[in-house]
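Listing of protein_22.cif; format and content: mmCIF, C-alpha atoms.
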```cif
data_structure
loop_
_atom_site.label_atom_id
_atom_site.label_comp_id
_atom_site.auth_asym_id
_atom_site.auth_seq_id
_atom_site.Cartn_x
_atom_site.Cartn_y
_atom_site.Cartn_z
CA MET C 21 1.69 -13.12 7.35
CA SER C 22 4.82 -11.98 9.15
CA GLY C 23 3.85 -8.97 11.26
CA THR C 24 0.81 -6.81 11.98
CA ILE C 25 -1.16 -4.73 9.50
CA VAL C 26 -3.99 -2.49 10.69
CA ALA C 27 -6.06 -1.33 7.71
CA LEU C 28 -8.67 1.33 8.48
CA GLY C 29 -11.59 2.11 6.23
CA GLY C 30 -11.86 5.84 6.73
CA LEU C 31 -11.79 8.45 9.47
CA SER C 32 -13.56 11.76 9.92
CA PRO C 33 -13.20 14.64 12.40
CA ASP C 34 -17.00 14.48 12.67
CA HIS C 35 -16.70 11.21 14.61
CA ASP C 36 -14.85 10.32 17.79
CA ASP C 37 -12.48 7.58 16.66
CA SER C 38 -10.11 8.05 19.60
CA ALA C 39 -10.62 4.45 20.72
CA LEU C 40 -9.37 3.27 17.34
CA ARG C 41 -6.29 5.47 17.63
CA HIS C 42 -5.57 4.10 21.09
CA PHE C 43 -5.96 0.60 19.67
CA ILE C 44 -3.30 1.37 17.04
CA VAL C 45 -0.90 2.67 19.67
CA GLU C 46 -1.50 -0.37 21.87
CA SER C 47 -0.90 -2.72 18.93
CA ALA C 48 2.84 -2.03 19.23
CA LYS C 49 2.75 -3.64 22.70
CA ARG C 50 5.12 -1.17 24.30
CA HIS C 51 4.84 1.96 26.44
CA LYS C 52 4.66 5.11 24.33
CA PRO C 53 5.66 3.56 21.01
CA ARG C 54 7.31 5.61 18.29
CA ILE C 55 4.80 6.28 15.51
CA CYS C 56 5.61 8.04 12.25
CA HIS C 57 2.98 9.52 9.95
CA VAL C 58 3.82 9.49 6.23
CA PRO C 59 1.42 11.90 4.44
CA ILE C 60 2.74 11.54 0.88
CA ALA C 61 -0.61 10.25 -0.47
CA SER C 62 -2.14 13.69 0.27
CA GLY C 63 0.85 15.64 -1.05
CA ASP C 64 2.17 16.24 2.48
CA TYR C 65 -0.98 18.26 3.22
CA GLU C 66 -0.25 20.43 6.25
CA LEU C 67 -3.74 20.13 7.74
CA PHE C 68 -3.49 16.34 7.87
CA ILE C 69 -0.06 16.60 9.51
CA SER C 70 -1.45 18.93 12.18
CA LEU C 71 -4.40 16.62 12.79
CA PHE C 72 -2.03 13.70 13.26
CA TYR C 73 -0.23 15.47 16.11
CA GLU C 74 -3.55 16.36 17.72
CA GLN C 75 -4.77 12.78 17.48
CA TYR C 76 -1.52 11.10 18.56
CA PRO C 77 -0.26 13.27 21.44
CA PRO C 78 2.97 12.69 23.39
CA SER C 79 0.90 11.48 26.33
CA ILE C 80 0.27 8.15 24.54
CA CYS C 81 3.14 7.82 22.05
CA VAL C 82 6.21 9.43 20.49
CA PRO C 83 4.79 11.00 17.32
CA SER C 84 6.70 12.20 14.27
CA HIS C 85 6.08 12.65 10.58
CA LEU C 86 8.07 12.16 7.40
CA GLU C 87 7.57 14.53 4.46
CA LEU C 88 8.81 13.19 1.13
CA LEU C 89 7.98 15.99 -1.30
CA ARG C 90 9.89 19.05 -0.12
CA GLY C 91 13.25 19.41 1.58
CA VAL C 92 13.79 15.82 2.70
CA SER C 93 16.52 16.39 5.28
CA GLN C 94 16.79 12.86 6.68
CA ASP C 95 17.25 9.44 5.15
CA PRO C 96 13.65 8.13 4.94
CA ALA C 97 14.75 4.54 5.43
CA GLU C 98 16.57 5.44 8.66
CA VAL C 99 13.56 7.41 9.94
CA LEU C 100 11.17 4.52 9.35
CA ALA C 101 13.57 1.93 10.75
CA ALA C 102 13.46 3.74 14.11
CA GLN C 103 9.68 3.41 14.44
CA ASP C 104 7.43 0.94 16.22
CA ILE C 105 4.44 1.97 14.06
CA VAL C 106 4.39 3.39 10.53
CA TYR C 107 1.14 5.17 9.66
CA LEU C 108 0.39 5.99 6.02
CA GLY C 109 -2.24 8.69 5.54
CA GLY C 110 -5.09 8.91 3.06
CA GLY C 111 -5.15 10.45 -0.39
CA SER C 112 -4.23 8.94 -3.74
CA THR C 113 -3.39 5.23 -3.67
CA PRO C 114 -1.56 5.23 -7.06
CA VAL C 115 0.57 8.23 -6.00
CA LEU C 116 1.37 6.56 -2.67
CA VAL C 117 2.41 3.28 -4.28
CA ALA C 118 4.52 5.04 -6.92
CA ALA C 119 6.29 7.26 -4.38
CA LEU C 120 7.16 4.36 -2.09
CA ARG C 121 8.57 2.35 -4.99
CA VAL C 122 10.58 5.22 -6.48
CA LEU C 123 12.17 5.87 -3.08
CA GLY C 124 12.77 2.19 -2.39
CA LEU C 125 10.57 2.38 0.68
CA ASP C 126 8.43 -0.55 -0.46
CA ARG C 127 11.39 -2.84 0.30
CA VAL C 128 12.13 -1.00 3.54
CA LEU C 129 8.56 -1.36 4.78
CA SER C 130 8.47 -5.02 3.84
CA ALA C 131 11.62 -5.64 5.89
CA LEU C 132 10.28 -3.67 8.85
CA TRP C 133 7.01 -5.58 8.75
CA ARG C 134 8.88 -8.89 8.88
CA ARG C 135 10.87 -7.50 11.81
CA GLY C 136 7.71 -6.69 13.75
CA THR C 137 6.96 -3.03 13.02
CA VAL C 138 3.21 -2.37 12.95
CA LEU C 139 2.09 -1.08 9.54
CA CYS C 140 -1.17 0.80 9.38
CA GLY C 141 -3.11 3.53 7.63
CA HIS C 142 -6.52 4.65 6.47
CA SER C 143 -8.03 4.89 2.99
CA ALA C 144 -5.05 4.92 0.57
CA GLY C 145 -2.86 4.09 3.57
CA ALA C 146 -4.90 0.91 4.02
CA HIS C 147 -5.09 -0.01 0.32
CA VAL C 148 -1.34 0.13 -0.20
CA TRP C 149 -0.48 -2.98 1.85
CA PHE C 150 -2.60 -5.32 -0.33
CA ASP C 151 -2.37 -6.64 -3.89
CA GLY C 152 -5.11 -4.34 -5.14
CA CYS C 153 -7.98 -2.01 -4.31
CA ILE C 154 -10.76 0.13 -5.72
CA THR C 155 -9.85 3.80 -5.92
CA ASP C 156 -11.34 7.12 -6.98
CA SER C 157 -7.87 8.51 -7.82
CA LEU C 158 -7.59 7.31 -11.43
CA GLY C 159 -10.22 9.56 -12.97
CA PRO C 160 -13.97 10.04 -12.67
CA GLY C 161 -15.74 7.35 -10.70
CA LEU C 162 -14.39 4.26 -9.00
CA ARG C 163 -11.78 2.11 -10.74
CA VAL C 164 -9.83 -1.07 -10.16
CA PHE C 165 -6.19 -0.65 -9.12
CA PRO C 166 -4.41 -4.04 -9.06
CA ASP C 167 -0.89 -2.81 -8.22
CA GLY C 168 -0.48 -2.52 -4.44
CA LEU C 169 2.62 -3.53 -2.49
CA GLY C 170 1.23 -6.99 -1.79
CA LEU C 171 2.46 -7.50 1.76
CA ALA C 172 -1.02 -8.83 2.53
CA SER C 173 -2.57 -11.11 -0.07
CA GLY C 174 -5.84 -10.05 -1.64
CA THR C 175 -7.75 -6.82 -2.03
CA CYS C 176 -8.64 -3.97 0.31
CA VAL C 177 -11.56 -1.59 -0.23
CA ALA C 178 -11.78 1.31 2.21
CA HIS C 179 -14.92 3.47 2.55
CA TYR C 180 -16.84 0.28 1.75
CA ASP C 181 -20.40 0.94 0.62
CA HIS C 182 -23.01 -0.40 -1.83
CA ASP C 183 -21.32 1.03 -4.94
CA ARG C 184 -17.88 -0.26 -4.00
CA ALA C 185 -19.34 -3.67 -3.11
CA ALA C 186 -20.86 -4.02 -6.59
CA ILE C 187 -17.64 -2.99 -8.36
CA LEU C 188 -15.57 -5.27 -6.12
CA GLU C 189 -17.80 -8.28 -6.76
CA ALA C 190 -17.57 -7.74 -10.53
CA ALA C 191 -13.79 -7.31 -10.37
CA LEU C 192 -13.35 -10.52 -8.37
CA ARG C 193 -15.55 -12.46 -10.76
CA ALA C 194 -13.61 -11.13 -13.77
CA GLY C 195 -10.25 -11.90 -12.20
CA GLU C 196 -9.27 -8.21 -12.17
CA LEU C 197 -8.65 -8.29 -8.42
CA PRO C 198 -7.57 -11.20 -6.22
CA GLY C 199 -9.35 -12.59 -3.19
CA PRO C 200 -9.82 -12.56 -0.37
CA ALA C 201 -11.19 -9.03 -0.44
CA TRP C 202 -11.75 -6.93 2.64
CA GLY C 203 -14.48 -4.28 2.52
CA ILE C 204 -13.85 -1.89 5.41
CA GLU C 205 -16.45 0.66 6.38
CA ASP C 206 -15.53 4.05 7.85
CA GLY C 207 -14.61 3.90 11.51
CA ALA C 208 -13.68 0.20 11.30
CA ALA C 209 -10.44 -1.68 10.71
CA VAL C 210 -9.25 -5.14 9.84
CA VAL C 211 -6.22 -6.35 11.76
CA LEU C 212 -4.11 -8.96 10.03
CA THR C 213 -1.55 -10.98 11.98
CA SER C 214 -0.01 -14.42 11.74
CA SER C 215 -2.95 -15.60 13.86
CA GLY C 216 -5.55 -14.48 11.33
CA ALA C 217 -7.91 -11.54 10.86
CA GLU C 218 -9.91 -9.52 13.38
CA ALA C 219 -12.40 -6.73 12.75
CA VAL C 220 -12.58 -3.82 15.18
CA SER C 221 -14.58 -0.58 15.20
CA ALA C 222 -14.79 2.59 17.25
CA ARG C 223 -18.34 3.19 16.03
CA GLY C 224 -21.61 1.39 16.54
CA ASP C 225 -22.19 0.86 12.83
CA GLY C 226 -18.71 0.34 11.33
CA GLY C 227 -18.25 -3.12 9.84
CA VAL C 228 -15.87 -5.29 7.85
CA HIS C 229 -16.91 -7.67 5.07
CA ARG C 230 -14.84 -10.44 3.51
CA MET C 231 -15.45 -11.50 -0.10
CA THR C 232 -14.09 -14.73 -1.54
CA ILE C 233 -14.61 -16.35 -4.91
CA ARG C 234 -15.31 -20.05 -5.21
CA ASP C 235 -16.25 -21.91 -8.38
CA GLY C 236 -16.95 -18.62 -10.12
CA ARG C 237 -19.25 -17.43 -7.34
CA VAL C 238 -18.51 -14.53 -5.02
CA GLU C 239 -19.39 -15.12 -1.39
CA THR C 240 -19.70 -12.23 1.08
CA GLU C 241 -19.30 -12.73 4.80
CA PRO C 242 -19.68 -9.97 7.42
CA LEU C 243 -17.03 -10.39 10.10
CA GLU C 244 -17.90 -10.29 13.77
CA VAL C 245 -16.75 -6.86 14.91
CA ARG C 246 -15.18 -6.12 18.27
CA ARG C 247 -16.38 -2.71 19.44
CA ILE C 248 -13.58 -0.81 21.12
#
```

Exercise: express the given structure as C-alpha cells:
Amino acid sequence: MSGTIVALGGLSPDHDDSALRHFIVESAKRHKPRICHVPIASGDYELFISLFYEQYPPSICVPSHLELLRGVSQDPAEVLAAQDIVYLGGGSTPVLVAALRVLGLDRVLSALWRRGTVLCGHSAGAHVWFDGCITDSLGPGLRVFPDGLGLASGTCVAHYDHDRAAILEAALRAGELPGPAWGIEDGAAVVLTSSGAEAVSARGDGGVHRMTIRDGRVETEPLEVRRI
C-alpha cells in the first residue's frame, strides 16, 4: 500500500452518516482539504451532485465535482491533481472502471494515490479501487466482476449481506475473485493504509468482514469496528 483508501459500503439519506463524512475529511490531515466528487458511475446524476454539496459544505472542506459525460470544460487530470481527496460516487462499477480507463484517469489516480491523495468512495466508488467485486450492474442478480483498478489487492463487496457473502465465498473458492476480500456493510468503511486495515462505522450495526482462503477453505473474520 502506498497511500490511503477509504472504501465505504453504502450510504443512505435515511441515516445520519455525518460522522463518517467528517472522518473522510479529516483523513486528509489538513485544514479544509480540497475534495472532488466524481459522479460518473451514476451518469453524473444531478441529485447525487446536489447531495454531495449538502454533505460536504465549505465549513469543513473545499468541495467541487467533476462531470465527465457532458461538456467537460477542464482537463480532468489537472482537476484531480489539485485535490487532497478524490471521492467516487456510487452507481455502476463496470461503467466507472471503463470510463476511468478510457480517459486515462486510472493511471492518474494511481499516481495521485502514491503521492498521498486520499482515494475514497461508496458502493461502486469503493469497488473500483480493488481487483474485483460483486455487482448488480451486469444484469439480473448479483455477479462477479474481476476487473477493478487493482490499487488495493483483493476484493471489495459493498452493501455486504447474507446473499453477497454466499456468492463471495463461492467466488473465492472457485478462484473467480482474489483474496483477501472485504465485506463492508452499509454505514461502515474499511480504511487501508501502509499500516494495515481499520474498520470504522457511523452506525451502531455497521460492520466489516474479511474473507481469506487457505488450503481451499474460506475463513471469515469480523473486524473490530471503531464507532465514530

Please evaluate the PyMOL selection byres ((chain C and resi 149-162) around 10) against the displayed coordinates and give the resulting residues as a PyMOL selection string.
chain C and resi 25-27+108+111-115+117+126+129-130+139-141+143-148+163-180+183-185+187-188+191+196-199+201-203

Interatomic distance (Å, one decimal) between CA of Gln94 in chain C and CA of Glu74 in chain C:
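Taking CA of Gln94 in chain C and CA of Glu74 in chain C, their separation equals 23.4 Å.
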
Provide the CA of Met231 in chain C to CA of Gly207 in chain C distance in Å, to one decimal place.
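These atoms are spaced 19.3 Å apart.
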
Restricting the calculation to all atoms listed in the file, which member of C:Arg246, C:Arg237, C:Arg90, C:His42 is positioned closest to Ala190 in chain C?
C:Arg237

For range 225-228 of chain C, please output as a compact mmCIF listing (two decimals) with C-alpha atoms, keeping the file's coordinate frame all residues within 7 Å (counting all atoms listed in the file; exclusion window: fewer than 3 positions along the same chain).
```
# COMPACT_ATOMS: atom_id res chain seq x y z
CA TRP C 202 -11.75 -6.93 2.64
CA GLY C 203 -14.48 -4.28 2.52
CA ILE C 204 -13.85 -1.89 5.41
CA GLU C 205 -16.45 0.66 6.38
CA ASP C 206 -15.53 4.05 7.85
CA GLY C 207 -14.61 3.90 11.51
CA ALA C 208 -13.68 0.20 11.30
CA VAL C 210 -9.25 -5.14 9.84
CA ALA C 219 -12.40 -6.73 12.75
CA SER C 221 -14.58 -0.58 15.20
CA PRO C 242 -19.68 -9.97 7.42
CA LEU C 243 -17.03 -10.39 10.10
CA VAL C 245 -16.75 -6.86 14.91
```
